[in-house]
Amino acid sequence: MTQLGFNTEDFQTYQAARQEPAWVTAQRNDAWQQFSEQQWPTRREEEWMRTDIRLFNLDKFLIPSEENSDGLDSIVPLLSEGVELSGAVHSHNGICVADTMDKELKQQGVIFGSLDSLVLEHGELLEKVLFQKAFDREDRFAALHAACWSGGQFLYVPRGTHVEQPFHVLSSLSDGGVDLGHTIVILEDGASATLLAETASTSEEAESLHCGAIELIVGDRANLRYVNLQNWGQRVWHFARQKAIVGRDADLQWTSAAIGSRLSKVNQHVVLDGQGARSQM
């Protein structure tokens, strides 16, 4: 695919090349319409009054493509070192470059891998939840993400299934790279799992853009441990929306460590959706 910018003509080319289900296309079109009609947030808005983005220029960056997905070898994962994993997904500049998963877990109905491919294989499941329950498209960055997301990960654990070994996600950026990855985790009632997620730059001087989102849906009596390590270089623009919905008598342990970036703006929200729901952050 020819490298594409963030304009209407290139967006339409990008979307047509993806050949996704009609419901995904409709979501993207709706989000792009919102993005096109909105302005970037300013310090006059309460949520952004302490965040100055006047030097941010989206025209510097391109929509993620296969042509810009080399370079993962320079990244050394930290969270997975010495850990036996149930599965792993690695992406670079917003494109999945490797994914693995335990075959026995697949037979139990567990789903894990790149969201790009799984939205084609499990559309009937994702249509009910993707951008539906744990994502708020409130500003232009959120609309941009919803319109142009690529890569990302999907973890689904069926009712009553307990996964002992963690899953691992690594997303990296090199100079000029863009990551619009979307992570969605669904634990059905009584399920349990651990997801280790880390982001990193190939160098301290790599100027990059991360505009991502995380949706965590924890069913009744389920238990999710989510560990997130942000390790960006000093020239990364980092914008993210992260939301969890925790069901009745369910537990979410959400651990985050964040270093680096030129600017970070993260909207993080947890909904305790039922009696006995618990969250530690």
# chains A, B, ... in the order shown; residues from 1 in each chain; ligands from 1

$ residues_around --residues "Thr183 of chain A" --least-positions-apart "5" --cutoff "9 Å" --atoms "only C-alpha atoms" --output "list in words"
Leu115, Gly151, Gly152, Gln153, Phe154, Leu155, Gly212, Ala213, Ile214, Glu215 and Leu216 of chain A

$ write_last_selection --atoms "C-alpha atoms" --output "PDB file, in the first residue's frame"
ATOM      1  CA  LEU A 115      -7.074  -7.479  16.376  1.00  0.00           C
ATOM      2  CA  GLY A 151      -2.754  -3.642  14.732  1.00  0.00           C
ATOM      3  CA  GLY A 152      -3.829  -3.961  18.336  1.00  0.00           C
ATOM      4  CA  GLN A 153      -4.721  -7.089  20.274  1.00  0.00           C
ATOM      5  CA  PHE A 154      -7.776  -9.069  21.283  1.00  0.00           C
ATOM      6  CA  LEU A 155      -7.931 -11.390  24.292  1.00  0.00           C
ATOM      7  CA  GLY A 212      -4.140   4.196  21.248  1.00  0.00           C
ATOM      8  CA  ALA A 213      -6.920   2.793  23.363  1.00  0.00           C
ATOM      9  CA  ILE A 214      -7.583  -0.005  25.830  1.00  0.00           C
ATOM     10  CA  GLU A 215     -10.951  -1.625  26.569  1.00  0.00           C
ATOM     11  CA  LEU A 216     -11.079  -4.049  29.507  1.00  0.00           C
TER      12      LEU A 216
END

$ select_by_dssp --residues "segment 107-247 of chain A" --states "strand (DSSP E or B)" --output "PyMOL selection string"
chain A and resi 111-114+153-157+162+167-173+178-179+182-187+192-201+208-218+223-231+236-246

$ select_by_dssp --residues "segment 87-198 of chain A" --states "helix (DSSP H, G or I)" --output "ChimeraX atom specification"
/A:103-107,115-121,123-126,140-148

$ residues_around --residues "Ala147 of chain A" --least-positions-apart "6" --cutoff "12 Å" --atoms "only C-alpha atoms" --output "tab-separated table (two decimals) with N, CA and C atoms, in the first residue's frame"
chain	number	residue	atom	x	y	z
A	6	PHE	N	-3.15	11.54	6.82
A	6	PHE	CA	-4.42	11.62	7.54
A	6	PHE	C	-5.30	12.69	6.89
A	7	ASN	N	-5.80	12.38	5.70
A	7	ASN	CA	-6.75	13.24	5.00
A	7	ASN	C	-7.85	12.35	4.44
A	8	THR	N	-8.94	12.95	4.01
A	8	THR	CA	-10.12	12.17	3.63
A	8	THR	C	-9.84	11.24	2.46
A	11	PHE	N	-7.66	8.41	3.68
A	11	PHE	CA	-8.43	7.56	4.59
A	11	PHE	C	-9.31	6.60	3.81
A	12	GLN	N	-9.97	7.07	2.78
A	12	GLN	CA	-10.84	6.21	1.98
A	12	GLN	C	-10.03	5.12	1.28
A	14	TYR	N	-7.16	3.86	2.39
A	14	TYR	CA	-6.75	2.97	3.48
A	14	TYR	C	-7.88	2.02	3.86
A	15	GLN	N	-9.06	2.57	4.03
A	15	GLN	CA	-10.19	1.76	4.45
A	15	GLN	C	-10.58	0.72	3.40
A	24	VAL	N	-17.53	-2.75	10.68
A	24	VAL	CA	-16.27	-2.06	10.99
A	24	VAL	C	-16.13	-0.83	10.10
A	25	THR	N	-16.44	-0.99	8.82
A	25	THR	CA	-16.39	0.13	7.89
A	25	THR	C	-17.30	1.26	8.34
A	26	ALA	N	-18.49	0.92	8.80
A	26	ALA	CA	-19.44	1.93	9.27
A	26	ALA	C	-18.89	2.65	10.50
A	27	GLN	N	-18.29	1.90	11.41
A	27	GLN	CA	-17.68	2.52	12.59
A	27	GLN	C	-16.60	3.51	12.18
A	28	ARG	N	-15.75	3.08	11.27
A	28	ARG	CA	-14.65	3.94	10.83
A	28	ARG	C	-15.17	5.21	10.15
A	29	ASN	N	-16.14	5.06	9.28
A	29	ASN	CA	-16.69	6.23	8.58
A	29	ASN	C	-17.30	7.23	9.55
A	30	ASP	N	-18.03	6.71	10.53
A	30	ASP	CA	-18.66	7.58	11.52
A	30	ASP	C	-17.61	8.33	12.32
A	31	ALA	N	-16.55	7.62	12.71
A	31	ALA	CA	-15.48	8.25	13.49
A	31	ALA	C	-14.72	9.28	12.65
A	32	TRP	N	-14.48	8.95	11.37
A	32	TRP	CA	-13.76	9.91	10.51
A	32	TRP	C	-14.59	11.17	10.30
A	33	GLN	N	-15.90	11.02	10.17
A	33	GLN	CA	-16.77	12.19	10.04
A	33	GLN	C	-16.64	13.07	11.27
A	34	GLN	N	-16.64	12.46	12.45
A	34	GLN	CA	-16.48	13.22	13.69
A	34	GLN	C	-15.12	13.90	13.72
A	35	PHE	N	-14.07	13.16	13.37
A	35	PHE	CA	-12.72	13.72	13.35
A	35	PHE	C	-12.65	14.93	12.42
A	36	SER	N	-13.27	14.83	11.26
A	36	SER	CA	-13.21	15.90	10.27
A	36	SER	C	-13.94	17.15	10.74
A	63	ILE	N	-0.40	7.17	8.06
A	63	ILE	CA	-1.17	6.01	8.52
A	63	ILE	C	-0.26	4.78	8.51
A	131	PHE	N	-15.56	-0.82	20.64
A	131	PHE	CA	-15.96	0.59	20.67
A	131	PHE	C	-17.39	0.78	21.17
A	137	ARG	N	-15.77	8.28	22.68
A	137	ARG	CA	-15.21	9.06	21.57
A	137	ARG	C	-15.50	10.53	21.80
A	140	ARG	N	-11.04	14.82	19.51
A	140	ARG	CA	-10.54	14.54	18.16
A	140	ARG	C	-9.51	13.41	18.14
A	141	PHE	N	-8.73	13.28	19.20
A	141	PHE	CA	-7.78	12.17	19.25
A	141	PHE	C	-8.50	10.83	19.31
A	180	LEU	N	-1.54	3.20	16.25
A	180	LEU	CA	-2.95	3.46	16.57
A	180	LEU	C	-3.60	2.19	17.09
A	181	GLY	N	-2.81	1.38	17.78
A	181	GLY	CA	-3.27	0.07	18.23
A	181	GLY	C	-4.40	0.14	19.25
A	182	HIS	N	-5.30	-0.83	19.14
A	182	HIS	CA	-6.44	-0.93	20.04
A	182	HIS	C	-6.38	-2.27	20.76
A	211	CYS	N	-1.37	6.91	19.43
A	211	CYS	CA	-2.74	7.36	19.71
A	211	CYS	C	-3.58	6.10	19.86
A	212	GLY	N	-3.57	5.52	21.05
A	212	GLY	CA	-4.14	4.20	21.25
A	212	GLY	C	-5.31	4.18	22.21

$ atom_distance --atom1 "atom CA of Met101 of chain A" --atom2 "atom CA of Phe167 of chain A"
8.6 Å

$ closest_residue --among "A:Lys128, A:His210, A:His90, A:His122" --to "Lys265 of chain A" --atoms "only C-alpha atoms"
A:His210

$ residues_around --residues "segment 269-276 of chain A" --least-positions-apart "5" --cutoff "7 Å" --atoms "only C-alpha atoms" --output "list in words"
Gln242, Lys243, Ala244, Ile245, Val246, Gly247, Arg248, Asp249 and Ala250 of chain A

$ residues_around --residues "Gly260 of chain A" --least-positions-apart "4" --cutoff "10 Å" --atoms "only C-alpha atoms" --output "mmCIF file with N, CA and C atoms, in the first residue's frame"
data_model
loop_
_atom_site.group_PDB
_atom_site.id
_atom_site.type_symbol
_atom_site.label_atom_id
_atom_site.label_comp_id
_atom_site.auth_asym_id
_atom_site.auth_seq_id
_atom_site.Cartn_x
_atom_site.Cartn_y
_atom_site.Cartn_z
ATOM 1 N N ALA A 200 7.460 0.666 23.696
ATOM 2 C CA ALA A 200 8.845 1.124 23.736
ATOM 3 C C ALA A 200 9.232 1.773 22.420
ATOM 4 N N SER A 201 10.265 2.619 22.476
ATOM 5 C CA SER A 201 10.837 3.246 21.289
ATOM 6 C C SER A 201 12.148 2.566 20.930
ATOM 7 N N GLU A 204 15.960 6.905 21.807
ATOM 8 C CA GLU A 204 15.483 8.057 22.564
ATOM 9 C C GLU A 204 15.067 9.197 21.640
ATOM 10 N N GLN A 230 5.043 1.604 30.063
ATOM 11 C CA GLN A 230 5.308 2.572 28.991
ATOM 12 C C GLN A 230 6.761 2.999 29.077
ATOM 13 N N ASN A 231 7.506 2.822 27.985
ATOM 14 C CA ASN A 231 8.936 3.145 27.976
ATOM 15 C C ASN A 231 9.287 3.860 26.668
ATOM 16 N N TRP A 232 8.663 5.020 26.476
ATOM 17 C CA TRP A 232 8.873 5.764 25.237
ATOM 18 C C TRP A 232 10.168 6.564 25.266
ATOM 19 N N GLY A 233 10.673 6.892 24.067
ATOM 20 C CA GLY A 233 11.753 7.853 23.948
ATOM 21 C C GLY A 233 11.249 9.259 24.231
ATOM 22 N N GLN A 234 12.155 10.223 24.146
ATOM 23 C CA GLN A 234 11.832 11.585 24.571
ATOM 24 C C GLN A 234 11.125 12.424 23.506
ATOM 25 N N ARG A 235 10.807 11.829 22.342
ATOM 26 C CA ARG A 235 10.153 12.608 21.277
ATOM 27 C C ARG A 235 8.856 11.949 20.810
ATOM 28 N N VAL A 236 8.238 11.192 21.681
ATOM 29 C CA VAL A 236 6.986 10.507 21.341
ATOM 30 C C VAL A 236 5.787 11.307 21.855
ATOM 31 N N TRP A 237 4.851 11.573 20.957
ATOM 32 C CA TRP A 237 3.553 12.129 21.355
ATOM 33 C C TRP A 237 2.652 10.954 21.730
ATOM 34 N N HIS A 238 2.166 10.965 22.959
ATOM 35 C CA HIS A 238 1.425 9.802 23.480
ATOM 36 C C HIS A 238 0.043 10.246 23.947
ATOM 37 N N SER A 264 2.548 13.198 27.270
ATOM 38 C CA SER A 264 1.605 12.095 27.481
ATOM 39 C C SER A 264 0.286 12.651 27.990
#

$ closest_residue --among "A:Leu120, A:Ile75, A:Ala142, A:Val185" --to "Tyr156 of chain A" --atoms "only C-alpha atoms"
A:Val185

$ residues_around --residues "Ser279 of chain A" --least-positions-apart "5" --cutoff "7 Å" --atoms "only C-alpha atoms" --output "PDB file with C-alpha atoms, in the first residue's frame"
ATOM      1  CA  ASP A 251     -11.523  -8.130  40.449  1.00  0.00           C
ATOM      2  CA  LEU A 252      -9.283  -5.939  38.317  1.00  0.00           C
ATOM      3  CA  GLN A 253      -5.666  -5.366  39.302  1.00  0.00           C
TER       4      GLN A 253
END

$ closest_residue --among "A:Cys96, A:Leu229, A:Leu209, A:Leu78" --to "Asp175 of chain A" --atoms "only C-alpha atoms"
A:Leu209

$ atom_distance --atom1 "atom CA of Gln3 of chain A" --atom2 "atom CA of Ser172 of chain A"
19.0 Å

$ residues_around --residues "Val169 of chain A" --least-positions-apart "5" --cutoff "7 Å" --atoms "only C-alpha atoms" --output "JSON, numbers by chain"
{"A": [88, 89, 90, 196, 197, 198]}

$ write_last_selection --atoms "C-alpha atoms" --output "PDB file, in the first residue's frame"
ATOM      1  CA  ALA A  88       2.455 -13.118  22.627  1.00  0.00           C
ATOM      2  CA  VAL A  89       1.745 -10.399  20.077  1.00  0.00           C
ATOM      3  CA  HIS A  90       4.470  -8.067  18.844  1.00  0.00           C
ATOM      4  CA  LEU A 196       1.474  -7.994  30.330  1.00  0.00           C
ATOM      5  CA  ALA A 197       1.649  -5.047  27.922  1.00  0.00           C
ATOM      6  CA  GLU A 198       4.618  -2.858  27.140  1.00  0.00           C
TER       7      GLU A 198
END

$ closest_residue --among "A:Arg50, A:Arg262, A:Lys106, A:Arg18" --to "Ser65 of chain A" --atoms "only C-alpha atoms"
A:Arg18

$ closest_residue --among "A:Glu164, A:Thr202, A:Arg241, A:Val157" --to "Ile217 of chain A" --atoms "only C-alpha atoms"
A:Val157

$ closest_residue --among "A:Asp189, A:Glu20, A:Asn223, A:Asp10" --to "Glu121 of chain A" --atoms "only C-alpha atoms"
A:Glu20
